[in-house]
>>> print(open('work30.cif').read())   # mmCIF, C-alpha atoms
data_target
loop_
_atom_site.label_atom_id
_atom_site.label_comp_id
_atom_site.auth_asym_id
_atom_site.auth_seq_id
_atom_site.Cartn_x
_atom_site.Cartn_y
_atom_site.Cartn_z
CA MET A 1 -30.47 -16.23 -14.24
CA GLU A 2 -30.30 -19.90 -15.22
CA SER A 3 -26.50 -19.93 -15.06
CA ASP A 4 -26.60 -18.27 -11.63
CA LEU A 5 -28.96 -20.96 -10.38
CA GLU A 6 -26.77 -23.74 -11.67
CA LEU A 7 -23.71 -22.25 -9.98
CA LEU A 8 -25.65 -22.31 -6.71
CA VAL A 9 -26.72 -25.90 -7.41
CA ASP A 10 -23.11 -26.98 -7.93
CA ALA A 11 -22.01 -25.29 -4.71
CA ALA A 12 -24.95 -26.70 -2.75
CA LYS A 13 -24.17 -30.22 -3.95
CA GLU A 14 -20.67 -29.73 -2.53
CA GLY A 15 -22.19 -29.04 0.88
CA ASP A 16 -22.36 -25.24 0.83
CA LYS A 17 -25.38 -24.46 3.05
CA LYS A 18 -25.35 -20.77 2.16
CA ALA A 19 -25.54 -21.63 -1.54
CA LEU A 20 -28.43 -23.98 -0.85
CA GLU A 21 -30.26 -21.29 1.10
CA ASP A 22 -29.68 -18.75 -1.69
CA LEU A 23 -30.93 -21.26 -4.26
CA ILE A 24 -34.14 -21.92 -2.35
CA LEU A 25 -34.70 -18.21 -1.77
CA LYS A 26 -34.41 -17.60 -5.52
CA ILE A 27 -36.93 -20.27 -6.51
CA GLN A 28 -39.40 -20.29 -3.62
CA ASP A 29 -41.69 -17.60 -5.03
CA LYS A 30 -42.03 -19.43 -8.35
CA VAL A 31 -42.82 -22.69 -6.57
CA TYR A 32 -45.28 -20.99 -4.23
CA GLY A 33 -46.88 -18.99 -7.04
CA LEU A 34 -47.48 -22.14 -9.07
CA ALA A 35 -48.89 -23.99 -6.07
CA LEU A 36 -51.20 -21.10 -5.19
CA ARG A 37 -52.58 -20.88 -8.71
CA MET A 38 -53.06 -24.65 -8.81
CA LEU A 39 -54.67 -24.98 -5.38
CA TYR A 40 -56.25 -21.52 -4.84
CA ASN A 41 -55.97 -21.56 -1.05
CA PRO A 42 -52.82 -19.93 0.42
CA SER A 43 -52.47 -22.35 3.34
CA ASP A 44 -52.73 -25.34 0.99
CA ALA A 45 -50.18 -23.68 -1.30
CA GLU A 46 -47.80 -23.14 1.63
CA ASP A 47 -48.01 -26.80 2.62
CA ALA A 48 -47.50 -28.01 -0.94
CA SER A 49 -44.64 -25.58 -1.57
CA GLN A 50 -42.79 -26.64 1.54
CA GLU A 51 -43.13 -30.28 0.49
CA ILE A 52 -41.90 -29.45 -3.02
CA LEU A 53 -38.90 -27.48 -1.77
CA LEU A 54 -38.06 -30.26 0.65
CA LYS A 55 -38.02 -32.69 -2.29
CA ILE A 56 -35.75 -30.31 -4.20
CA ILE A 57 -33.39 -30.05 -1.21
CA THR A 58 -33.18 -33.78 -0.58
CA HIS A 59 -32.98 -34.81 -4.24
CA LEU A 60 -30.73 -32.05 -5.53
CA SER A 61 -27.92 -34.53 -6.15
CA THR A 62 -30.09 -36.22 -8.79
CA PHE A 63 -30.00 -33.10 -10.95
CA ARG A 64 -27.45 -33.97 -13.65
CA GLY A 65 -27.66 -30.84 -15.75
CA GLU A 66 -29.29 -32.69 -18.65
CA SER A 67 -31.93 -29.96 -18.74
CA ALA A 68 -32.12 -26.43 -17.39
CA PHE A 69 -32.42 -26.36 -13.60
CA THR A 70 -35.77 -24.54 -13.82
CA THR A 71 -37.11 -27.38 -15.99
CA TRP A 72 -36.07 -29.87 -13.33
CA MET A 73 -37.51 -27.63 -10.59
CA TYR A 74 -40.87 -27.34 -12.33
CA ARG A 75 -40.87 -31.10 -12.97
CA VAL A 76 -40.50 -31.77 -9.24
CA ALA A 77 -43.26 -29.26 -8.53
CA ALA A 78 -45.53 -30.60 -11.27
CA ASN A 79 -45.17 -34.22 -10.17
CA HIS A 80 -46.10 -33.22 -6.64
CA LEU A 81 -49.04 -31.01 -7.59
CA LEU A 82 -50.46 -33.62 -9.96
CA THR A 83 -50.38 -36.43 -7.42
CA ILE A 84 -51.26 -34.94 -4.02
CA ARG A 85 -54.78 -35.48 -2.74
CA LYS A 86 -57.37 -32.92 -3.77
CA ARG A 87 -57.37 -29.85 -1.55
CA ARG A 88 -60.36 -27.89 -0.29
CA ALA A 89 -60.84 -25.57 -3.27
CA GLU A 90 -60.55 -28.44 -5.73
CA LEU A 91 -63.16 -30.43 -3.83
CA GLU A 92 -65.52 -27.48 -4.19
CA ALA A 93 -64.69 -26.87 -7.86
CA VAL A 94 -67.52 -26.82 -10.38
CA SER A 95 -67.91 -27.20 -14.12
CA PHE A 96 -67.64 -24.27 -16.52
CA GLU A 97 -71.43 -24.32 -16.86
CA GLU A 98 -71.99 -24.19 -13.11
CA TYR A 99 -69.38 -21.47 -12.75
CA GLU A 100 -71.19 -19.42 -15.36
CA LYS A 101 -74.45 -19.68 -13.41
CA SER A 102 -72.70 -18.45 -10.26
CA LEU A 103 -71.87 -15.19 -12.06
CA GLU A 104 -75.45 -14.25 -12.92
CA LEU A 105 -76.10 -10.67 -11.82
CA ASP A 106 -79.04 -8.43 -11.12
CA SER A 107 -79.49 -6.58 -14.41
CA ALA A 108 -80.72 -3.49 -12.56
CA VAL A 109 -77.42 -3.01 -10.76
CA ASP A 110 -75.24 -0.18 -12.03
CA TRP A 111 -71.81 1.05 -11.01
CA GLN A 112 -70.86 4.66 -10.66
CA GLU A 113 -67.08 4.93 -11.09
CA SER A 114 -67.06 8.41 -9.57
CA HIS A 115 -68.61 7.03 -6.38
CA SER A 116 -66.08 4.25 -5.88
CA SER A 117 -63.86 4.34 -2.83
CA ALA A 118 -60.33 3.08 -2.31
CA LEU A 119 -61.73 0.20 -0.24
CA GLN A 120 -64.24 -0.68 -2.95
CA ASN A 121 -61.41 -0.79 -5.48
CA ILE A 122 -59.53 -3.26 -3.28
CA PHE A 123 -62.61 -5.49 -3.21
CA VAL A 124 -63.01 -5.17 -6.98
CA GLU A 125 -59.41 -6.31 -7.42
CA GLU A 126 -60.10 -9.25 -5.10
CA ILE A 127 -63.07 -10.25 -7.26
CA ARG A 128 -61.04 -9.98 -10.47
CA ILE A 129 -58.25 -12.19 -9.21
CA SER A 130 -60.40 -14.71 -7.34
CA CYS A 131 -62.74 -15.08 -10.32
CA LEU A 132 -59.86 -15.82 -12.70
CA GLN A 133 -58.26 -18.14 -10.17
CA GLY A 134 -61.56 -19.91 -9.56
CA LEU A 135 -62.03 -20.34 -13.29
CA LEU A 136 -58.78 -22.31 -13.45
CA LEU A 137 -60.31 -24.86 -11.07
CA CYS A 138 -62.86 -25.73 -13.77
CA LEU A 139 -59.95 -27.35 -15.61
CA ASP A 140 -58.54 -30.67 -14.47
CA ARG A 141 -55.04 -30.58 -13.02
CA GLU A 142 -53.25 -31.63 -16.20
CA HIS A 143 -54.83 -28.90 -18.33
CA ARG A 144 -54.59 -26.31 -15.55
CA LEU A 145 -50.88 -26.95 -15.17
CA ALA A 146 -50.17 -26.76 -18.90
CA PHE A 147 -52.01 -23.43 -19.11
CA LEU A 148 -50.18 -21.97 -16.12
CA LEU A 149 -46.72 -23.07 -17.20
CA VAL A 150 -46.97 -21.39 -20.60
CA ASP A 151 -49.38 -18.49 -20.17
CA VAL A 152 -48.38 -17.38 -16.67
CA PHE A 153 -44.84 -18.63 -16.08
CA ASP A 154 -43.61 -18.14 -19.67
CA VAL A 155 -42.39 -21.70 -20.17
CA SER A 156 -42.05 -22.75 -23.82
CA SER A 157 -44.14 -25.63 -25.17
CA GLU A 158 -40.96 -27.70 -25.56
CA GLN A 159 -39.95 -27.03 -21.97
CA GLY A 160 -43.51 -27.72 -20.81
CA ALA A 161 -43.42 -31.10 -22.53
CA ALA A 162 -40.13 -31.89 -20.79
CA ILE A 163 -41.55 -30.82 -17.42
CA LEU A 164 -44.63 -33.02 -17.77
CA GLU A 165 -42.63 -35.78 -19.48
CA ILE A 166 -44.95 -36.03 -22.46
CA THR A 167 -44.34 -35.45 -26.16
CA PRO A 168 -44.34 -31.86 -27.47
CA THR A 169 -47.35 -32.72 -29.62
CA ALA A 170 -49.30 -34.03 -26.63
CA PHE A 171 -48.38 -30.96 -24.61
CA ARG A 172 -49.49 -28.56 -27.35
CA LYS A 173 -52.82 -30.37 -27.62
CA ARG A 174 -53.30 -30.17 -23.87
CA LEU A 175 -52.41 -26.48 -23.84
CA SER A 176 -54.71 -25.77 -26.78
CA ARG A 177 -57.67 -27.45 -25.07
CA ALA A 178 -57.05 -25.53 -21.85
CA ARG A 179 -56.77 -22.21 -23.66
CA GLU A 180 -59.90 -22.92 -25.67
CA ARG A 181 -62.00 -23.62 -22.57
CA ILE A 182 -60.75 -20.54 -20.71
CA GLN A 183 -61.03 -18.34 -23.79
CA ASP A 184 -64.57 -19.48 -24.64
CA PHE A 185 -65.74 -18.85 -21.10
CA LEU A 186 -64.22 -15.38 -20.78
CA MET A 187 -65.30 -14.19 -24.22
CA LYS A 188 -68.84 -15.31 -23.44
CA ASN A 189 -69.06 -13.97 -19.89
CA CYS A 190 -66.40 -11.44 -18.92
CA ALA A 191 -66.62 -7.74 -19.76
CA LEU A 192 -62.84 -7.44 -19.48
CA THR A 193 -62.50 -9.38 -22.73
CA ASN A 194 -65.81 -8.44 -24.35
CA PRO A 195 -67.40 -5.13 -23.29
CA ASP A 196 -70.81 -6.38 -24.46
CA ASN A 197 -70.86 -8.93 -21.64
CA PRO A 198 -72.89 -7.86 -18.60
CA CYS A 199 -70.58 -9.36 -15.97
CA THR A 200 -68.16 -6.81 -14.55
CA CYS A 201 -66.29 -7.10 -11.29
CA GLU A 202 -67.84 -3.83 -10.13
CA ARG A 203 -71.40 -5.00 -10.79
CA TYR A 204 -70.65 -8.32 -9.12
CA LEU A 205 -69.42 -6.43 -6.06
CA ILE A 206 -72.78 -4.68 -5.69
CA SER A 207 -75.12 -7.39 -6.96
CA GLN A 208 -73.69 -10.06 -4.65
CA HIS A 209 -73.42 -7.68 -1.66
CA TYR A 210 -69.78 -8.72 -1.56
CA MET A 211 -68.60 -6.08 0.90
CA GLU A 212 -71.39 -7.01 3.30
CA ARG A 213 -70.48 -10.71 3.15
CA VAL A 214 -66.68 -10.53 3.19
CA GLU A 215 -64.55 -8.64 5.69
CA GLU A 216 -61.43 -6.83 4.52
CA LYS A 217 -59.22 -8.98 6.76
CA ASP A 218 -60.47 -12.09 4.94
CA LEU A 219 -59.42 -10.97 1.45
CA VAL A 220 -57.19 -13.65 -0.05
CA PHE A 221 -55.49 -12.19 -3.12
CA SER A 222 -55.64 -8.39 -3.12
CA LYS A 223 -53.88 -8.26 0.26
CA HIS A 224 -51.42 -11.06 -0.46
CA PRO A 225 -47.68 -10.21 -0.45
CA CYS A 226 -46.68 -9.89 -4.08
CA ARG A 227 -44.43 -8.42 -6.71
CA ILE A 228 -46.32 -6.43 -9.34
CA ARG A 229 -45.84 -7.73 -12.87
CA GLN A 230 -44.86 -4.93 -15.23
CA GLU A 231 -45.42 -6.78 -18.49
CA GLY A 232 -49.07 -7.56 -17.92
CA GLY A 233 -50.45 -4.38 -19.44
CA THR A 234 -53.44 -2.34 -18.35
CA LEU A 235 -57.06 -3.38 -18.34
CA SER A 236 -57.90 -0.66 -20.85
CA ARG A 237 -55.43 -2.12 -23.38
CA ILE A 238 -56.73 -5.67 -23.01
CA LYS A 239 -59.78 -4.95 -25.17
CA GLU A 240 -57.48 -3.92 -28.03
CA MET A 241 -55.72 -7.31 -28.17
CA ASP A 242 -56.61 -10.48 -30.04
CA GLU A 243 -58.56 -13.04 -28.02
CA LEU A 244 -55.68 -15.40 -27.20
CA THR A 245 -53.42 -12.54 -26.14
CA GLN A 246 -56.24 -11.11 -24.04
CA ILE A 247 -56.54 -14.27 -21.98
CA ALA A 248 -52.81 -14.62 -21.34
CA THR A 249 -52.58 -10.92 -20.48
CA LEU A 250 -55.43 -11.13 -17.98
CA TYR A 251 -53.58 -13.83 -16.08
CA LYS A 252 -50.15 -12.25 -16.47
CA ARG A 253 -51.43 -8.89 -15.30
CA TYR A 254 -51.94 -10.18 -11.80
CA PRO A 255 -49.16 -10.11 -9.24
CA ASP A 256 -46.39 -12.60 -8.70
CA PHE A 257 -47.44 -13.91 -5.32
CA ARG A 258 -44.63 -14.05 -2.80
CA ALA A 259 -44.16 -16.76 -0.24
CA PRO A 260 -45.19 -15.50 3.23
CA THR A 261 -42.42 -14.49 5.63
CA ALA A 262 -43.18 -17.30 8.09
CA PHE A 263 -42.93 -19.79 5.25
CA ILE A 264 -39.53 -18.39 4.24
CA ASP A 265 -38.28 -18.68 7.82
CA ASN A 266 -39.38 -22.32 7.96
CA ILE A 267 -37.50 -23.13 4.77
CA ARG A 268 -34.38 -21.34 5.99
CA GLU A 269 -34.51 -23.39 9.19
CA LEU A 270 -34.84 -26.60 7.18
CA VAL A 271 -31.85 -25.73 5.03
CA HIS A 272 -29.59 -25.23 8.04
CA SER A 273 -30.88 -28.17 10.06
CA LYS A 274 -29.24 -31.59 10.02
CA LYS A 275 -32.63 -33.27 9.70
CA TYR A 276 -32.59 -33.25 5.90
CA GLU A 277 -29.45 -33.93 3.94
CA LEU A 278 -28.88 -33.96 0.19
CA LEU A 279 -29.41 -37.42 -1.23
#
>>> encode(input="work30.cif", output="structure tokens")
Amino acid sequence: MESDLELLVDAAKEGDKKALEDLILKIQDKVYGLALRMLYNPSDAEDASQEILLKIITHLSTFRGESAFTTWMYRVAANHLLTIRKRRAELEAVSFEEYEKSLELDSAVDWQESHSSALQNIFVEEIRISCLQGLLLCLDREHRLAFLLVDVFDVSSEQGAAILEITPTAFRKRLSRARERIQDFLMKNCALTNPDNPCTCERYLISQHYMERVEEKDLVFSKHPCRIRQEGGTLSRIKEMDELTQIATLYKRYPDFRAPTAFIDNIRELVHSKKYELL
């Protein structure tokens, strides 16, 4: 895939608009997926992704091939996501301790699997994803980004260091701290990683009267256009894994979010307009 991208880069730098469009279409979901996981809110992720892709389009000539193109792409995205003003979800973010308190449930609530409906299962999936996504916001941007690059987007520690322009040792320390905070929280609170924990997505659904408070049309993640990840594994297998693998698998299990159609159309229009030229 990397060689295919670099062929498109070379053609785009020579003025081939079709190659540039194909290049952007191949990378837009990765850029959008990273932005969504960093910012939580889809509309904020769309705005940030469009700005990132615009930077890639207008600065493509600065890519010299000294690293893999995806490293350069993620570096552009990372620099943008680390420096933009805080977005709405980040402004509402809480500490790990406060997040833990928000998950306290009524101990009398029980869940009957046989009584669950298809709609309830959609809401349960929404809770699973939004809870894990919200947990990421307890990390600062630098640690959140290191965790996502390696444990969701399968970047190596060496590549992660190059993306963030820090030493490999500094990157590994940052990644280790992020993993430790996420792991400690989930092992202490989440029944997906430790069946002795009382907090399950199903019990949260009932205890918090989630379906009464949230309409189906307002679901953010379970209804989002996506590509299902095959390598994530099943929830039943997660409990059989070691703790570190459990955490990565929980995040990898969730879908690869796709950029919305309207967003794709906007990018295609930008590529073929004369407003933005390669610098």
>>> resolve_selection(input="work30.cif", expression="the PyMOL selection byres ((chain A and resi 96) around 8)", output="list in words")
Val94, Ser95, Glu97, Glu98, Tyr99, Glu100, Leu135, Cys138 and Phe185 of chain A
>>> residues_near_point(input="work30.cif", point="(-70.7, -16.5, -22.4)", cutoff="12 Å", atoms="all atoms listed in the file", output="number ranges by chain")
A: 96-97, 99-101, 103-104, 181-191, 193-199
>>> residues_around(input="work30.cif", residues="Ile52 in chain A", least_positions_apart="6", cutoff="12 Å", atoms="all atoms listed in the file", output="MDAnalysis selection string")
chainID A and resid 24 27:28 30:32 34:35 45:46 58:60 72:84 267
>>> atom_distance(input="work30.cif", atom1="CA of Asp151 in chain A", atom2="CA of Ala248 in chain A")
5.3 Å
>>> closest_residue(input="work30.cif", among="A:Phe69, A:Asp154, A:Gln120, A:Gly33", to="Met211 in chain A", atoms="only C-alpha atoms")
A:Gln120
>>> resolve_selection(input="work30.cif", expression="the PyMOL selection byres ((chain A and resi 159) around 10)", output="PyMOL selection string")
chain A and resi 67-68+70-72+74-75+149-150+154-158+160-165+168+171
>>> resolve_selection(input="work30.cif", expression="the PyMOL selection byres ((chain A and resi 257) around 12)", output="PyMOL selection string")
chain A and resi 28-37+40+42+45-46+129+152+220-229+252-256+258-260
>>> atom_distance(input="work30.cif", atom1="CA of Arg85 in chain A", atom2="CA of Gln50 in chain A")
15.5 Å
>>> axis_aligned_box(input="work30.cif", around="range 222-227 of chain A", padding_each_side="4 Å", output="lines of an AutoDock Vina configuration file")
center_x = -50.0
center_y = -9.7
center_z = -3.2
size_x = 19.2
size_y = 10.8
size_z = 15.0
>>> closest_residue(input="work30.cif", among="A:Ile247, A:Leu39, A:Ile56, A:Ile166", to="Arg144 in chain A", atoms="only C-alpha atoms")
A:Leu39
>>> closest_residue(input="work30.cif", among="A:Met38, A:Leu270, A:Ile264, A:Ile127", to="Ile206 in chain A", atoms="all atoms listed in the file")
A:Ile127
>>> atom_distance(input="work30.cif", atom1="CA of Val271 in chain A", atom2="CA of Phe153 in chain A")
25.8 Å
>>> closest_residue(input="work30.cif", among="A:Ala89, A:Glu14, A:Lys173, A:Glu243", to="Ser130 in chain A", atoms="only C-alpha atoms")
A:Ala89
>>> closest_residue(input="work30.cif", among="A:Ser176, A:Thr245, A:Thr261, A:Asn41", to="Glu92 in chain A", atoms="all atoms listed in the file")
A:Asn41
>>> closest_residue(input="work30.cif", among="A:Cys131, A:Leu137, A:Ala262, A:Ala118", to="Leu91 in chain A", atoms="all atoms listed in the file")
A:Leu137
